[in-house]
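Undergrad: Dropping in final-v5.json, with JSON, C-alpha atoms.
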[["chain", "number", "residue", "atom", "x", "y", "z"],
["J", 270, "MET", "CA", -20.61, 36.54, 9.75],
["J", 271, "SER", "CA", -20.06, 34.49, 12.91],
["J", 272, "ALA", "CA", -16.87, 32.70, 13.87],
["J", 273, "SER", "CA", -18.61, 29.36, 13.35],
["J", 274, "SER", "CA", -19.58, 30.40, 9.79],
["J", 275, "HIS", "CA", -15.96, 31.33, 9.08],
["J", 276, "ARG", "CA", -14.88, 27.96, 10.40],
["J", 277, "ASP", "CA", -17.42, 26.16, 8.21],
["J", 278, "TYR", "CA", -16.13, 27.95, 5.09],
["J", 279, "LEU", "CA", -12.53, 27.21, 6.08],
["J", 280, "VAL", "CA", -13.37, 23.53, 6.56],
["J", 281, "VAL", "CA", -14.92, 23.34, 3.08],
["J", 282, "ALA", "CA", -11.96, 25.17, 1.51],
["J", 283, "VAL", "CA", -9.23, 23.03, 3.06],
["J", 284, "LEU", "CA", -11.21, 19.84, 2.58],
["J", 285, "GLY", "CA", -11.67, 20.90, -1.05],
["J", 286, "LEU", "CA", -7.89, 21.12, -1.38],
["J", 287, "THR", "CA", -7.44, 17.60, -0.02],
["J", 288, "GLN", "CA", -10.15, 16.29, -2.35],
["J", 289, "ILE", "CA", -8.48, 17.89, -5.37],
["J", 290, "ILE", "CA", -5.16, 16.34, -4.35],
["J", 291, "GLY", "CA", -6.80, 13.03, -3.50],
["J", 292, "TYR", "CA", -8.76, 12.61, -6.70],
["J", 293, "GLY", "CA", -5.94, 14.09, -8.77],
["J", 294, "THR", "CA", -3.22, 11.81, -7.43],
["J", 295, "LEU", "CA", -5.11, 8.63, -6.56],
["J", 296, "TYR", "CA", -7.49, 8.51, -9.51],
["J", 297, "TYR", "CA", -7.04, 10.93, -12.42],
["J", 298, "SER", "CA", -3.26, 10.73, -12.70],
["J", 299, "PHE", "CA", -3.45, 7.03, -13.48],
["J", 300, "SER", "CA", -4.75, 7.67, -17.02],
["J", 301, "VAL", "CA", -1.77, 9.89, -17.78],
["J", 302, "LEU", "CA", 0.79, 7.48, -16.33],
["J", 303, "ALA", "CA", -0.71, 4.11, -17.34],
["J", 304, "GLN", "CA", 1.20, 3.79, -20.63],
["J", 305, "ALA", "CA", 4.54, 4.38, -18.89],
["J", 306, "MET", "CA", 3.58, 1.90, -16.17],
["J", 307, "ALA", "CA", 2.72, -0.72, -18.79],
["J", 308, "GLU", "CA", 6.02, -0.18, -20.60],
["J", 309, "ASP", "CA", 7.97, -0.34, -17.33],
["J", 310, "PHE", "CA", 6.49, -3.73, -16.42],
["J", 311, "GLY", "CA", 6.32, -5.10, -19.96],
["J", 312, "TRP", "CA", 2.55, -5.39, -19.85],
["J", 313, "PRO", "CA", 0.02, -4.48, -22.51],
["J", 314, "PRO", "CA", -1.76, -1.25, -21.47],
["J", 315, "GLU", "CA", -5.06, -3.08, -21.10],
["J", 316, "TRP", "CA", -3.53, -5.22, -18.33],
["J", 317, "VAL", "CA", -2.58, -2.13, -16.39],
["J", 318, "PHE", "CA", -6.11, -0.78, -16.80],
["J", 319, "GLY", "CA", -7.43, -4.19, -15.79],
["J", 320, "VAL", "CA", -5.44, -4.03, -12.55],
["J", 321, "PHE", "CA", -6.80, -0.52, -12.01],
["J", 322, "SER", "CA", -10.36, -1.84, -12.48],
["J", 323, "ILE", "CA", -9.71, -4.59, -9.94],
["J", 324, "SER", "CA", -8.35, -1.99, -7.51],
["J", 325, "LEU", "CA", -11.48, 0.13, -7.95],
["J", 326, "LEU", "CA", -13.60, -2.94, -7.20],
["J", 327, "ALA", "CA", -11.54, -3.59, -4.05],
["J", 328, "GLY", "CA", -12.10, 0.02, -2.95],
["J", 329, "GLY", "CA", -15.82, -0.33, -3.54],
["J", 330, "LEU", "CA", -15.96, -3.54, -1.52],
["J", 331, "ALA", "CA", -14.10, -1.82, 1.32],
["J", 332, "ALA", "CA", -16.52, 1.13, 1.44],
["J", 333, "PRO", "CA", -19.01, -0.38, 3.93],
["J", 334, "GLY", "CA", -16.17, -1.16, 6.32],
["J", 335, "ALA", "CA", -14.82, 2.35, 5.91],
["J", 336, "GLY", "CA", -18.26, 3.69, 6.79],
["J", 337, "GLY", "CA", -18.27, 1.66, 9.98],
["J", 338, "TRP", "CA", -14.85, 3.02, 10.95],
["J", 339, "ILE", "CA", -16.06, 6.56, 10.24],
["J", 340, "ASP", "CA", -19.04, 6.01, 12.53],
["J", 341, "ARG", "CA", -16.90, 4.53, 15.32],
["J", 342, "HIS", "CA", -13.79, 6.74, 15.17],
["J", 343, "GLY", "CA", -14.85, 9.93, 13.39],
["J", 344, "ALA", "CA", -14.29, 10.85, 9.76],
["J", 345, "GLY", "CA", -11.33, 13.15, 10.44],
["J", 346, "LYS", "CA", -9.36, 10.37, 12.15],
["J", 347, "VAL", "CA", -10.23, 7.90, 9.42],
["J", 348, "MET", "CA", -9.13, 10.41, 6.78],
["J", 349, "SER", "CA", -5.83, 10.87, 8.65],
["J", 350, "TRP", "CA", -5.24, 7.10, 8.67],
["J", 351, "GLY", "CA", -6.31, 6.93, 5.03],
["J", 352, "THR", "CA", -3.80, 9.62, 4.11],
["J", 353, "ILE", "CA", -1.01, 7.61, 5.71],
["J", 354, "GLY", "CA", -2.28, 4.61, 3.73],
["J", 355, "ALA", "CA", -2.29, 6.65, 0.51],
["J", 356, "VAL", "CA", 1.29, 7.83, 1.09],
["J", 357, "THR", "CA", 2.42, 4.28, 1.81],
["J", 358, "ALA", "CA", 0.62, 2.91, -1.25],
["J", 359, "LEU", "CA", 1.97, 5.59, -3.61],
["J", 360, "ILE", "CA", 5.50, 4.90, -2.40],
["J", 361, "ALA", "CA", 4.93, 1.13, -2.65],
["J", 362, "CYS", "CA", 3.89, 1.53, -6.29],
["J", 363, "ALA", "CA", 6.80, 3.86, -6.99],
["J", 364, "ILE", "CA", 9.38, 1.36, -5.72],
["J", 365, "ALA", "CA", 7.57, -1.80, -6.86],
["J", 366, "PRO", "CA", 10.18, -4.19, -8.30],
["J", 367, "SER", "CA", 7.66, -6.46, -10.02],
["J", 368, "PRO", "CA", 4.20, -6.40, -11.56],
["J", 369, "MET", "CA", 2.76, -8.27, -8.58],
["J", 370, "THR", "CA", 4.04, -5.78, -6.02],
["J", 371, "PHE", "CA", 2.81, -2.96, -8.25],
["J", 372, "THR", "CA", -0.61, -4.64, -8.36],
["J", 373, "ALA", "CA", -0.69, -4.87, -4.56],
["J", 374, "GLY", "CA", 0.31, -1.20, -4.31],
["J", 375, "LEU", "CA", -2.37, -0.10, -6.77],
["J", 376, "ILE", "CA", -5.04, -2.04, -4.89],
["J", 377, "THR", "CA", -3.84, -0.40, -1.68],
["J", 378, "ILE", "CA", -4.12, 3.03, -3.31],
["J", 379, "GLU", "CA", -7.80, 2.44, -4.05],
["J", 380, "LEU", "CA", -8.42, 1.00, -0.59],
["J", 381, "ALA", "CA", -6.87, 4.16, 0.88],
["J", 382, "SER", "CA", -9.06, 6.23, -1.46],
["J", 383, "THR", "CA", -12.10, 4.83, 0.29],
["J", 384, "PHE", "CA", -10.86, 6.48, 3.49],
["J", 385, "VAL", "CA", -9.90, 9.90, 2.05],
["J", 386, "LEU", "CA", -12.25, 10.77, -0.81],
["J", 387, "TYR", "CA", -15.91, 11.83, -0.94],
["J", 388, "ASN", "CA", -17.49, 9.24, 1.33],
["J", 389, "ALA", "CA", -15.21, 10.23, 4.22],
["J", 390, "ALA", "CA", -15.14, 13.94, 3.34],
["J", 391, "PHE", "CA", -18.94, 14.19, 3.29],
["J", 392, "ALA", "CA", -19.06, 12.46, 6.66],
["J", 393, "VAL", "CA", -16.61, 15.03, 8.07],
["J", 394, "LEU", "CA", -18.96, 17.82, 7.03],
["J", 395, "VAL", "CA", -21.97, 16.09, 8.60],
["J", 396, "GLN", "CA", -20.11, 15.32, 11.82],
["J", 397, "ILE", "CA", -18.77, 18.87, 12.17],
["J", 398, "ASN", "CA", -22.06, 20.64, 11.44],
["J", 399, "PRO", "CA", -25.11, 18.61, 10.37],
["J", 400, "VAL", "CA", -27.19, 21.75, 9.84],
["J", 401, "THR", "CA", -24.92, 23.25, 7.19],
["J", 402, "ALA", "CA", -23.69, 19.91, 5.78],
["J", 403, "PRO", "CA", -26.00, 19.78, 2.71],
["J", 404, "ARG", "CA", -24.80, 23.17, 1.48],
["J", 405, "ALA", "CA", -21.19, 22.38, 2.43],
["J", 406, "ILE", "CA", -21.33, 19.08, 0.51],
["J", 407, "THR", "CA", -22.52, 20.95, -2.59],
["J", 408, "TYR", "CA", -19.65, 23.45, -2.30],
["J", 409, "LEU", "CA", -17.13, 20.67, -1.70],
["J", 410, "THR", "CA", -18.36, 18.77, -4.75],
["J", 411, "LEU", "CA", -17.94, 21.87, -6.90],
["J", 412, "ILE", "CA", -14.42, 22.49, -5.60],
["J", 413, "ALA", "CA", -13.30, 18.88, -6.00],
["J", 414, "GLY", "CA", -14.62, 18.92, -9.55],
["J", 415, "PHE", "CA", -11.46, 20.81, -10.48],
["J", 416, "ALA", "CA", -9.28, 17.78, -9.69],
["J", 417, "SER", "CA", -9.16, 16.53, -13.28],
["J", 418, "THR", "CA", -8.77, 20.05, -14.68],
["J", 419, "ILE", "CA", -5.74, 20.60, -12.45],
["J", 420, "PHE", "CA", -4.15, 17.16, -12.25],
["J", 421, "TRP", "CA", -4.28, 15.92, -15.83],
["J", 422, "PRO", "CA", -2.08, 18.79, -17.06],
["J", 423, "LEU", "CA", -0.04, 18.84, -13.83],
["J", 424, "THR", "CA", 0.66, 15.10, -14.08],
["J", 425, "SER", "CA", 1.57, 15.48, -17.76],
["J", 426, "ALA", "CA", 3.92, 18.36, -16.96],
["J", 427, "LEU", "CA", 5.60, 16.43, -14.17],
["J", 428, "HIS", "CA", 5.85, 13.31, -16.32],
["J", 429, "ALA", "CA", 7.58, 15.31, -19.05],
["J", 430, "SER", "CA", 10.65, 15.50, -16.82],
["J", 431, "LEU", "CA", 10.10, 12.73, -14.26],
["J", 432, "SER", "CA", 9.42, 9.00, -14.51],
["J", 433, "TRP", "CA", 5.99, 7.78, -13.42],
["J", 434, "ARG", "CA", 7.64, 6.43, -10.29],
["J", 435, "GLU", "CA", 9.07, 9.84, -9.43],
["J", 436, "VAL", "CA", 5.69, 11.46, -10.09],
["J", 437, "TYR", "CA", 4.15, 9.08, -7.53],
["J", 438, "ILE", "CA", 6.82, 10.10, -5.00],
["J", 439, "VAL", "CA", 5.93, 13.77, -5.59],
["J", 440, "PHE", "CA", 2.26, 12.88, -5.07],
["J", 441, "ALA", "CA", 3.08, 11.03, -1.84],
["J", 442, "ALA", "CA", 4.85, 14.19, -0.66],
["J", 443, "LEU", "CA", 1.71, 16.25, -1.40],
["J", 444, "HIS", "CA", -0.34, 13.93, 0.76],
["J", 445, "ILE", "CA", 2.07, 13.95, 3.69],
["J", 446, "THR", "CA", 2.75, 17.71, 3.65],
["J", 447, "LEU", "CA", -0.71, 19.08, 2.78],
["J", 448, "CYS", "CA", -3.45, 16.49, 3.25],
["J", 449, "LEU", "CA", -2.27, 14.86, 6.47],
["J", 450, "PRO", "CA", -2.04, 18.08, 8.54],
["J", 451, "ILE", "CA", -5.48, 19.15, 7.28],
["J", 452, "HIS", "CA", -7.05, 15.79, 8.09],
["J", 453, "VAL", "CA", -5.46, 15.75, 11.54],
["J", 454, "TRP", "CA", -6.82, 19.28, 12.15],
["J", 455, "LEU", "CA", -10.29, 18.18, 11.02],
["J", 456, "SER", "CA", -10.16, 15.23, 13.42],
["J", 457, "CYS", "CA", -9.66, 17.69, 16.30],
["J", 458, "LEU", "CA", -12.64, 19.93, 15.49],
["J", 459, "PRO", "CA", -15.57, 19.55, 17.86],
["J", 460, "ALA", "CA", -18.86, 18.36, 16.42],
["J", 461, "ARG", "CA", -21.97, 20.49, 16.74]]
Show me, as structure tokens, the structure contained in the file I just sent.
TA:
Amino acid sequence: MSASSHRDYLVVAVLGLTQIIGYGTLYYSFSVLAQAMAEDFGWPPEWVFGVFSISLLAGGLAAPGAGGWIDRHGAGKVMSWGTIGAVTALIACAIAPSPMTFTAGLITIELASTFVLYNAAFAVLVQINPVTAPRAITYLTLIAGFASTIFWPLTSALHASLSWREVYIVFAALHITLCLPIHVWLSCLPAR
């Protein structure tokens, strides 16, 4: 196996880790923590899910712009910026003093998701090696599919001893210590 093949497998593996963390913390954990969020802000649970739906819509509306940034600056750089955005948004939600600031933080989480999840990750694989990208995207999708399997029980376990706000701080730490270095490394890889 050539050095470039090893690199391609390493890229898929580490990107898979960031996708598991990304989907697990920015998407799947919400279902586990939503009831506690609603109680904290004195909202009915459906309001919290309504805010989450609005945030998903905002992320979807931002996707074309994210694609343009990926084309102009490279997917690795955009994922690095998106990780910083995710960390900031998770912390903003965790320290939100009011429902409105929490809403702004949750919308920011989903905007950041647009820059760190599949659409950006797939672009990284294409930009690094367009020849192997279709196979790499399939592998990455399979790996990231474990996000819910890992993060629903992990979030529940953390929430058994931590508040939802503290869980979000732990998740922000995962992004800054694991995802950011990986995304910065990916932004430095030469394209083929």
Undergrad: Looking at J:Ile419, J:Val281, J:Leu394, J:Ala331, which one is nearest to Gly343 of chain J, with distances taken over only C-alpha atoms?
TA: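 Answer, going by the shortest atom-to-atom distance: J:Leu394.
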Undergrad: Please write as a VMD selection string the list of polymer residues whose atoms come within 12 Å of (8.9, -4.3, -9.8), counting all atoms listed in the file and keeping to the coordinates of the file.
TA: chain J and resid 306 to 312 361 to 374 434
Undergrad: Quick one: distance from atom CA of Leu326 of chain J to atom CA of Ile376 of chain J in Å, one decimal?
TA: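 Computed distance, atom CA of Leu326 of chain J to atom CA of Ile376 of chain J, equals 8.9 Å.
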Undergrad: As an exercise, work out the distance from atom CA of Leu325 of chain J to atom CA of Ile378 of chain J in Å and give it to one decimal place.
TA: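 These two atoms are separated by 9.2 Å.
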Undergrad: Please, what distance in Å, to one decimal, runs between atom CA of Glu315 of chain J and atom CA of Gly293 of chain J?
TA: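 Separating atom CA of Glu315 of chain J from atom CA of Gly293 of chain J is a distance of 21.2 Å.
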Undergrad: Mind listing as a ChimeraX atom specification all residues within 10 Å of (-15.5, 8.7, -0.3), counting only C-alpha atoms?
TA: /J:288,328-329,332,335-336,348,381-392
Undergrad: For each of J:Leu284, J:Leu375, J:Ala355, J:Val347, take the minimum atom-to-atom distance to Ala303 of chain J, counting only C-alpha atoms, then give the residue where this is smallest.
TA: J:Leu375
Undergrad: Starting from 6 Å padding per side, set up an axis-aligned box that covers all listed atoms of segment 318-321 of chain J and hand over centre and edge lengths in Å, one decimal, as JSON.
TA:
{"center_x": -6.4, "center_y": -2.4, "center_z": -14.4, "size_x": 14.0, "size_y": 15.7, "size_z": 16.8}
Undergrad: Extract, using only C-alpha atoms, all DNA, RNA and protein residues at most 9 Å from Thr410 of chain J, discarding same-chain residues fewer than 3 positions from it, and format them as a ChimeraX atom specification.
TA: /J:285,288,387,405-407,413-414
Undergrad: For Val393 of chain J, please output as a PyMOL selection string all residues within 9 Å (counting all atoms listed in the file; exclusion window: fewer than 6 positions along the same chain).
TA: chain J and resi 339+343-345+348+402+455-456
